[in-house]
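Have a look at the structure below, then the notes.
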Amino acid sequence: MKRYFPRKVSVWGIAILTSWFISLPYTQAANPEPVKIGLITDLTGAAYVNARDSADGAKLAVDRMNAAGGILGRKVELLVRDSALKTDLGVSHARELILDKKVNFMMGPISSGVRLAISDVCRTFKVPLIDCIGGSVSLHEERGHDYFWQISVSTAGESYGAAVGCSKFKKIKTLATLAPDYVWGRQEVEGFTEPFKKMRPEVKVLENFWPKLGEKDYTPYITVIIAKKPDLLYSVLYGGDWVNFVKQAKPYGLFEKMLVFCFAEASAQMALGKEAPENTWGFARAPAVSIGTAEMKSFVKEYKEKIGRFPGDTSVTTYDAIYAFKYGAEKAKSTDGPAWVKAMKGASVPTLRGIVKFRECDNLSNSPEYIGPMAFDPQYGFAIFKPAEAVDTLPIARTCEETMELRKKAKK
Amino acid sequence: MTSVTFVTFINQFISGATYGLVLFMVALGLALIFGVMSIVNLAHGSLYMMGAFFGYFIWFAFKDMHFSFWLSVLLAGLAVAGAGLILEFLLRPFYRRGHTDQLLFTYAFTYIIADLVKMFWGGRYYTLPRPPGLEGSLTMAGIMLPTYNLFIIGVSLLICVLLWFLLARTKLGKIIRAAVFDREMVGILGIRLPWLFAFVFGIGAFVAGAAGLLAAPMGSIGVGMDAEIIVPVFVVCIIGGMGSFLGALIASLIVGEVYAFGILILPQMAMAFMFVVVIVILIIRPQGLFGRS
């Protein structure tokens, strides 16, 4: 039979293959698998701006982290998916990221409803999910579990912060509320009025106004609000709705007639620019340019340079969530879900907003809500908090016993 | 319930008229297109949104000039008229099909246009200041009236008069009115129907595009403004009678005022009042106030 390879070549070939096979585990150790973080967010639909800010904050966090050596010496890889405010799409992305892409950690979308569904998937597969948006309290109360972590304030915490802010105005005797007519808007108003009535029982609520989400014409509301003559208007309109309201209310002189306490997320302030009204106080989850920590200042500067605009609230909270993953992984010396959860119980994590402590029983963080007077700042080109005061929102949260009781009832 | 003083009444009336007449500017194109071509154009709200976006960027390019706003209204209207002509050309195979196919086609277009807008201009909000001279308010007998709202009322009524003149006093208007009643007969008489359809579609798109920018200084420009406007505009067309120009005007004022006074009387039910009117009119006059049975 004809020899295709000379004997010497065959021997050398076998030797090379054998040595490659033997060295394989060492090669893999030198180039370890990256730590994968999944971000499911609502890039399509009404929540686009917040979702975009969230994704940009995440990208900056990952870039910075990789430049500093990653997590446990492993490179960090970010996988972004668009859930488009749809629960089925969110669940399908969560399963794909966990089962196919083998992500180590997850961050959840803008919509509380989609987040609830993703949270259940993460529990099943023991993948830690950090809620970097905040929202419905049921996420960490009756539907909460060990793999769900909250690094932004809930709806209840947010409206409680606003109530604390409003209660400071002792001359106020009457108020009106203005909120978009859907679950979140209703929860915000309820979460505000209940604690506020306890803080200031003498204040009378004249009317609750519920324009539809995406209302184009607020003038009929504006004229009625002015006719009611409340001392204070509590508004949770956001995004384009708040922009529309301000532009329509200014010619009527509404902002000169009453104090307005409004949801002051950065994206709407940026859109308003110089048109931002005077005589307003705001509340927000993470107003980046108004938080004075050194870490935040460096973040804002780099974000502006790399992304080309100032960060939104969700840019900050998503950035913080990624660094919380790193903190827990380094504490656990592992990226394994159960080990990470064990290491993070009751942990105090450094964030852009300062140290954030997670409650041991339900992983709820003591993230603050920021309140303060709003004023246009030519340095930024939009209205910012001057200054921003951090309000501790844990006093409004249910106790650990109450939360556990709720979870027990929900299981039944 | 808020006590209704004279000042409150006038304020609500003006705000209702402003809202209603913005709806009218969009609805009249829809009514005209349906009347002449029997096309239910769900993408009409997208033309309104495109007008706002085109106009914003034209305004931005010329913002240092005194007349930038007025130039952008004109150019945005023309640009949207151009887009409308493309849409009309693509719609031609659907003229002889049923309304279901037309609805599906134009509905698909709303998504395509929304994605194109998002691709080119992103999902952020843009705001346009009121043009010089129209920023403030007029105070008369203790009533504060924003000058821009009064301007919107005036310009809508002017468009209304111009269109009435076109339809009632010109030869082209007579042809369009004839086409509303019997377009086949108009075709038999030697009128080139494709040209007529393109003209009508172009006019409707022009007004919708200009309305998009005219409404922008009272609010914001962003993805989703198409969907927000199209529902009340359809309500106007249904109440007025699909295809009726006068019906669109009366219905837009009814919708605006019902909404404004609904908020004054029972804010929780303001939206429902508008649809109660639709139901009542559909029961009494299924063809709408001025529609043909």
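As shown in the structure tokens, the chain order sets the letters A, B, ...; within each chain, residues go from 1, and ligands are also counted from 1 in the order they appear.
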
Contact check, chain A to chain B, at most 7 Å, counting only C-alpha atoms, closest pairs as a tab-separated table:
residue	atom	partner	partner_atom	distance
A:Tyr48	CA	B:Gly123	CA	6.0
A:Val49	CA	B:Arg124	CA	5.9
A:Phe209	CA	B:Pro267	CA	6.4
A:Trp210	CA	B:Gln268	CA	6.5
A:Gly214	CA	B:Glu228	CA	6.6
A:Lys216	CA	B:Gly219	CA	6.8
A:Asp217	CA	B:Tyr19	CA	6.5
A:Thr219	CA	B:Ser15	CA	5.5
A:Pro220	CA	B:Ala260	CA	4.8
A:Tyr221	CA	B:Ile263	CA	6.5
A:Thr223	CA	B:Asn11	CA	6.3
A:Val224	CA	B:Leu264	CA	5.9
A:Ala227	CA	B:Thr8	CA	6.6
A:Lys228	CA	B:Thr2	CA	6.7
A:Gly240	CA	B:Ser220	CA	5.9
A:Val243	CA	B:Ser220	CA	6.2
A:Asn244	CA	B:Gly219	CA	3.9
A:Lys247	CA	B:Met218	CA	5.7
A:Gln248	CA	B:Met218	CA	5.6
A:Pro251	CA	B:Pro146	CA	5.4
A:Tyr252	CA	B:Met144	CA	6.3
A:Ala271	CA	B:Tyr125	CA	6.0
A:Leu272	CA	B:Thr127	CA	6.7

Would you mind exporting N, CA and C atoms of the selected residues as a JSON list (two decimals), in the first residue's frame?
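Output saved as selection_20.json:
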[["chain", "number", "residue", "atom", "x", "y", "z"],
["A", 48, "TYR", "N", -38.79, 54.72, 24.93],
["A", 48, "TYR", "CA", -37.52, 54.70, 24.20],
["A", 48, "TYR", "C", -36.42, 55.53, 24.87],
["A", 49, "VAL", "N", -36.73, 56.75, 25.27],
["A", 49, "VAL", "CA", -35.69, 57.64, 25.79],
["A", 49, "VAL", "C", -35.06, 57.05, 27.06],
["A", 209, "PHE", "N", -56.60, 65.18, 38.67],
["A", 209, "PHE", "CA", -56.80, 65.22, 37.22],
["A", 209, "PHE", "C", -56.06, 64.05, 36.58],
["A", 210, "TRP", "N", -56.76, 63.37, 35.66],
["A", 210, "TRP", "CA", -56.21, 62.18, 35.02],
["A", 210, "TRP", "C", -56.24, 62.30, 33.50],
["A", 214, "GLY", "N", -50.02, 60.51, 26.91],
["A", 214, "GLY", "CA", -49.81, 60.99, 25.54],
["A", 214, "GLY", "C", -50.79, 62.08, 25.15],
["A", 216, "LYS", "N", -52.28, 65.43, 24.04],
["A", 216, "LYS", "CA", -51.66, 66.49, 23.24],
["A", 216, "LYS", "C", -52.08, 67.88, 23.73],
["A", 217, "ASP", "N", -53.33, 67.96, 24.20],
["A", 217, "ASP", "CA", -53.84, 69.28, 24.55],
["A", 217, "ASP", "C", -54.22, 69.34, 26.02],
["A", 219, "THR", "N", -54.71, 72.27, 27.57],
["A", 219, "THR", "CA", -55.29, 73.57, 27.92],
["A", 219, "THR", "C", -56.61, 73.46, 28.69],
["A", 220, "PRO", "N", -57.51, 72.51, 28.36],
["A", 220, "PRO", "CA", -58.73, 72.43, 29.18],
["A", 220, "PRO", "C", -58.42, 72.09, 30.64],
["A", 221, "TYR", "N", -57.38, 71.30, 30.88],
["A", 221, "TYR", "CA", -56.97, 70.98, 32.26],
["A", 221, "TYR", "C", -56.36, 72.21, 32.91],
["A", 223, "THR", "N", -56.80, 75.42, 32.35],
["A", 223, "THR", "CA", -57.75, 76.47, 32.73],
["A", 223, "THR", "C", -58.58, 76.04, 33.96],
["A", 224, "VAL", "N", -58.89, 74.75, 34.04],
["A", 224, "VAL", "CA", -59.66, 74.28, 35.21],
["A", 224, "VAL", "C", -58.77, 74.28, 36.46],
["A", 227, "ALA", "N", -58.64, 77.70, 37.63],
["A", 227, "ALA", "CA", -59.92, 78.09, 38.24],
["A", 227, "ALA", "C", -60.08, 77.50, 39.64],
["A", 228, "LYS", "N", -59.49, 76.33, 39.88],
["A", 228, "LYS", "CA", -59.59, 75.69, 41.20],
["A", 228, "LYS", "C", -58.73, 76.39, 42.25],
["A", 240, "GLY", "N", -42.67, 63.61, 27.00],
["A", 240, "GLY", "CA", -43.34, 64.56, 26.12],
["A", 240, "GLY", "C", -44.59, 65.15, 26.74],
["A", 243, "VAL", "N", -43.52, 68.09, 28.78],
["A", 243, "VAL", "CA", -43.09, 69.15, 27.88],
["A", 243, "VAL", "C", -44.34, 69.88, 27.32],
["A", 244, "ASN", "N", -45.32, 69.10, 26.87],
["A", 244, "ASN", "CA", -46.54, 69.69, 26.33],
["A", 244, "ASN", "C", -47.25, 70.54, 27.38],
["A", 247, "LYS", "N", -45.41, 73.87, 28.07],
["A", 247, "LYS", "CA", -45.52, 74.84, 26.97],
["A", 247, "LYS", "C", -46.92, 75.44, 26.87],
["A", 248, "GLN", "N", -47.92, 74.64, 27.22],
["A", 248, "GLN", "CA", -49.29, 75.15, 27.16],
["A", 248, "GLN", "C", -49.65, 75.95, 28.42],
["A", 251, "PRO", "N", -48.17, 80.28, 28.92],
["A", 251, "PRO", "CA", -48.90, 81.49, 28.52],
["A", 251, "PRO", "C", -50.08, 81.82, 29.43],
["A", 252, "TYR", "N", -50.60, 80.82, 30.14],
["A", 252, "TYR", "CA", -51.69, 81.09, 31.09],
["A", 252, "TYR", "C", -51.18, 81.57, 32.44],
["A", 271, "ALA", "N", -35.30, 68.33, 27.02],
["A", 271, "ALA", "CA", -36.16, 68.71, 25.89],
["A", 271, "ALA", "C", -36.70, 70.13, 26.07],
["A", 272, "LEU", "N", -37.00, 70.49, 27.31],
["A", 272, "LEU", "CA", -37.55, 71.83, 27.56],
["A", 272, "LEU", "C", -36.48, 72.92, 27.44]]

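Residue nearest Ala179 in chain B, chosen from B:Leu167, B:Met25, B:Met50, B:Met274 and counting only C-alpha atoms: B:Leu167.
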
- prompt: Using only C-alpha atoms, which of the listed residues (A:Pro180, A:Gly144, A:Gly381, A:Gly113) sits closest to Ala410 in chain A?
  reply: A:Gly144

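The interatomic distance for the pair CA of Lys171 in chain A and CA of Ala266 in chain A works out to 28.6 Å.
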
task: Between CA of Met404 in chain A and CA of Glu142 in chain A, measure the distance and give it in Å to one decimal.
output: 7.7 Å

query: Would you give me, as a PyMOL selection string, the residues in range 1-60 of chain B that DSSP reads as helix (DSSP H, G or I)?
result: chain B and resi 6-37+44-60

Strand (DSSP E) residues, from DSSP on the backbone, in range 82-142 of chain A, as a PyMOL selection string: chain A and resi 82+105-107+129-131

- request: Would you mind reading off the distance between CA of Gly73 in chain A and CA of Ile130 in chain A, one decimal, in Å?
  value: 21.9 Å

Tell me, counting only C-alpha atoms, for each residue of range 356-401 of chain A within 12 Å of range 323-336 of chain A, which pair of atoms is nearest and how far apart they are in Å to one decimal, in rows ordered by chain and increasing number, as a Markdown table.
| residue | atom | partner | partner_atom | distance |
| --- | --- | --- | --- | --- |
| A:Val356 | CA | A:Ala324 | CA | 9.6 |
| A:Lys357 | CA | A:Ala324 | CA | 10.7 |
| A:Phe358 | CA | A:Ala324 | CA | 10.5 |
| A:Ser365 | CA | A:Ala324 | CA | 11.4 |

Written selection (N, CA and C atoms) as a PDB file, in the first residue's frame:
ATOM      1  N   VAL A 356     -25.079  52.336  48.740  1.00  0.00           N
ATOM      2  CA  VAL A 356     -26.464  51.855  48.747  1.00  0.00           C
ATOM      3  C   VAL A 356     -26.479  50.513  49.470  1.00  0.00           C
ATOM      4  N   LYS A 357     -27.364  50.422  50.468  1.00  0.00           N
ATOM      5  CA  LYS A 357     -27.406  49.175  51.260  1.00  0.00           C
ATOM      6  C   LYS A 357     -28.638  48.359  50.895  1.00  0.00           C
ATOM      7  N   PHE A 358     -28.441  47.070  50.662  1.00  0.00           N
ATOM      8  CA  PHE A 358     -29.568  46.180  50.364  1.00  0.00           C
ATOM      9  C   PHE A 358     -30.077  45.559  51.658  1.00  0.00           C
ATOM     10  N   SER A 365     -33.179  48.035  48.197  1.00  0.00           N
ATOM     11  CA  SER A 365     -32.088  48.944  48.566  1.00  0.00           C
ATOM     12  C   SER A 365     -32.633  50.216  49.205  1.00  0.00           C
TER      13      SER A 365
END

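The nearest approach to Pro194 in chain B among the residues B:Met49, B:Ser72, B:Ala79, B:Leu85, with only C-alpha atoms taken into account, belongs to B:Leu85.
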
Could you pull the residues within 6 Å of range 114-128 of chain A, counting only C-alpha atoms, minus those fewer than 3 positions along the same chain, as a PDB file with C-alpha atoms, in the first residue's frame?
ATOM      1  CA  THR A  87     -44.257  40.777  28.153  1.00  0.00           C
ATOM      2  CA  VAL A  91     -39.763  36.538  28.501  1.00  0.00           C
ATOM      3  CA  PHE A 105     -26.551  38.442  35.419  1.00  0.00           C
ATOM      4  CA  GLY A 108     -34.696  44.407  33.603  1.00  0.00           C
ATOM      5  CA  PRO A 109     -36.787  46.639  31.374  1.00  0.00           C
ATOM      6  CA  SER A 111     -42.095  48.383  32.090  1.00  0.00           C
ATOM      7  CA  TYR A 147     -32.753  36.543  42.776  1.00  0.00           C
ATOM      8  CA  GLY A 337     -25.925  32.997  40.784  1.00  0.00           C
TER       9      GLY A 337
END

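Nearest residue to Ala108 in chain B among B:Met185, B:Leu91, B:Leu282, B:Ala27 is B:Leu91, counting only C-alpha atoms.
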
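With distances restricted to only C-alpha atoms, B:Val235 is the closest residue to Phe275 in chain B from B:Ile58, B:Ala248, B:Met242, B:Val235.
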
message: Need the shell around Gly191 in chain A: protein/DNA/RNA residues with any atom at most 9 Å away, counting only C-alpha atoms. Skip same-chain ones fewer than 3 positions apart. Format as a PyMOL selection string?
response: chain A and resi 155-160+163+186-188+194-196

Export of the given selection (all heavy atoms) as a short mmCIF file (atom, residue, chain, number, x, y, z; two decimals), in the first residue's frame:
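Printed below is selection-v2.cif as written:
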data_model
loop_
_atom_site.label_atom_id
_atom_site.label_comp_id
_atom_site.auth_asym_id
_atom_site.auth_seq_id
_atom_site.Cartn_x
_atom_site.Cartn_y
_atom_site.Cartn_z
N THR A 155 -42.15 52.84 43.07
CA THR A 155 -43.16 53.90 42.90
C THR A 155 -43.55 54.49 44.25
O THR A 155 -43.65 55.70 44.42
CB THR A 155 -44.41 53.30 42.22
OG1 THR A 155 -43.99 52.65 41.04
CG2 THR A 155 -45.42 54.36 41.87
N ALA A 156 -43.74 53.58 45.23
CA ALA A 156 -44.15 54.04 46.56
C ALA A 156 -43.07 54.92 47.19
O ALA A 156 -43.35 55.97 47.77
CB ALA A 156 -44.45 52.85 47.46
N GLY A 157 -41.80 54.49 47.03
CA GLY A 157 -40.69 55.26 47.58
C GLY A 157 -40.58 56.62 46.92
O GLY A 157 -40.33 57.64 47.58
N GLU A 158 -40.78 56.62 45.62
CA GLU A 158 -40.67 57.86 44.86
C GLU A 158 -41.73 58.88 45.29
O GLU A 158 -41.42 60.04 45.56
CB GLU A 158 -40.85 57.55 43.38
CG GLU A 158 -40.71 58.75 42.49
CD GLU A 158 -40.50 58.31 41.07
OE1 GLU A 158 -41.47 57.84 40.45
OE2 GLU A 158 -39.38 58.39 40.60
N SER A 159 -42.98 58.43 45.36
CA SER A 159 -44.04 59.37 45.71
C SER A 159 -43.96 59.77 47.18
O SER A 159 -44.33 60.89 47.55
CB SER A 159 -45.42 58.81 45.36
OG SER A 159 -45.49 57.46 45.63
N TYR A 160 -43.41 58.88 48.01
CA TYR A 160 -43.19 59.23 49.41
C TYR A 160 -42.17 60.37 49.50
O TYR A 160 -42.35 61.33 50.26
CB TYR A 160 -42.69 58.01 50.18
CG TYR A 160 -42.19 58.33 51.57
CD1 TYR A 160 -43.08 58.57 52.61
CD2 TYR A 160 -40.82 58.39 51.83
CE1 TYR A 160 -42.61 58.87 53.88
CE2 TYR A 160 -40.34 58.69 53.09
CZ TYR A 160 -41.24 58.93 54.12
OH TYR A 160 -40.77 59.23 55.37
N ALA A 163 -43.85 63.48 48.73
CA ALA A 163 -44.70 63.91 49.84
C ALA A 163 -43.88 64.60 50.92
O ALA A 163 -44.28 65.62 51.48
CB ALA A 163 -45.46 62.71 50.42
N ARG A 186 -51.68 56.32 38.63
CA ARG A 186 -52.59 56.17 39.78
C ARG A 186 -51.81 55.77 41.03
O ARG A 186 -52.08 56.26 42.12
CB ARG A 186 -53.66 55.12 39.45
CG ARG A 186 -54.52 55.50 38.25
CD ARG A 186 -55.95 55.73 38.65
NE ARG A 186 -56.70 56.37 37.58
CZ ARG A 186 -57.83 57.01 37.74
NH1 ARG A 186 -58.36 57.13 38.94
NH2 ARG A 186 -58.46 57.57 36.74
N GLN A 187 -50.82 54.87 40.86
CA GLN A 187 -50.02 54.43 42.02
C GLN A 187 -49.21 55.60 42.59
O GLN A 187 -49.06 55.74 43.80
CB GLN A 187 -49.07 53.31 41.61
CG GLN A 187 -49.75 51.96 41.49
CD GLN A 187 -48.77 50.86 41.11
OE1 GLN A 187 -47.65 51.10 40.71
NE2 GLN A 187 -49.24 49.62 41.21
N GLU A 188 -48.69 56.43 41.68
CA GLU A 188 -47.89 57.58 42.13
C GLU A 188 -48.75 58.55 42.96
O GLU A 188 -48.31 59.05 43.99
CB GLU A 188 -47.30 58.33 40.93
CG GLU A 188 -46.12 57.63 40.28
CD GLU A 188 -44.79 57.93 40.96
OE1 GLU A 188 -44.72 58.87 41.77
OE2 GLU A 188 -43.82 57.19 40.69
N GLU A 194 -51.51 59.43 50.36
CA GLU A 194 -51.66 58.72 51.65
C GLU A 194 -50.65 59.21 52.70
O GLU A 194 -51.05 59.65 53.78
CB GLU A 194 -51.58 57.21 51.45
CG GLU A 194 -52.92 56.66 51.02
CD GLU A 194 -52.91 55.15 50.85
OE1 GLU A 194 -52.01 54.50 51.39
OE2 GLU A 194 -53.81 54.66 50.14
N PRO A 195 -49.34 59.17 52.41
CA PRO A 195 -48.41 59.69 53.43
C PRO A 195 -48.54 61.20 53.64
O PRO A 195 -48.36 61.69 54.75
CB PRO A 195 -47.01 59.33 52.89
CG PRO A 195 -47.19 59.05 51.47
CD PRO A 195 -48.61 58.61 51.27
N PHE A 196 -48.89 61.93 52.55
CA PHE A 196 -48.98 63.39 52.68
C PHE A 196 -50.11 63.78 53.62
O PHE A 196 -49.98 64.72 54.41
CB PHE A 196 -49.18 64.03 51.30
CG PHE A 196 -49.11 65.53 51.33
CD1 PHE A 196 -47.89 66.18 51.47
CD2 PHE A 196 -50.25 66.30 51.23
CE1 PHE A 196 -47.82 67.57 51.52
CE2 PHE A 196 -50.19 67.69 51.28
CZ PHE A 196 -48.97 68.32 51.42
#

task: Would you kindly return, as a ChimeraX atom specification, each protein, DNA or RNA residue with an atom no farther than 12 Å from any atom of Lys63 in chain B, considering only C-alpha atoms and excluding same-chain residues fewer than 3 positions away?
output: /B:55-60,66-72,128-132
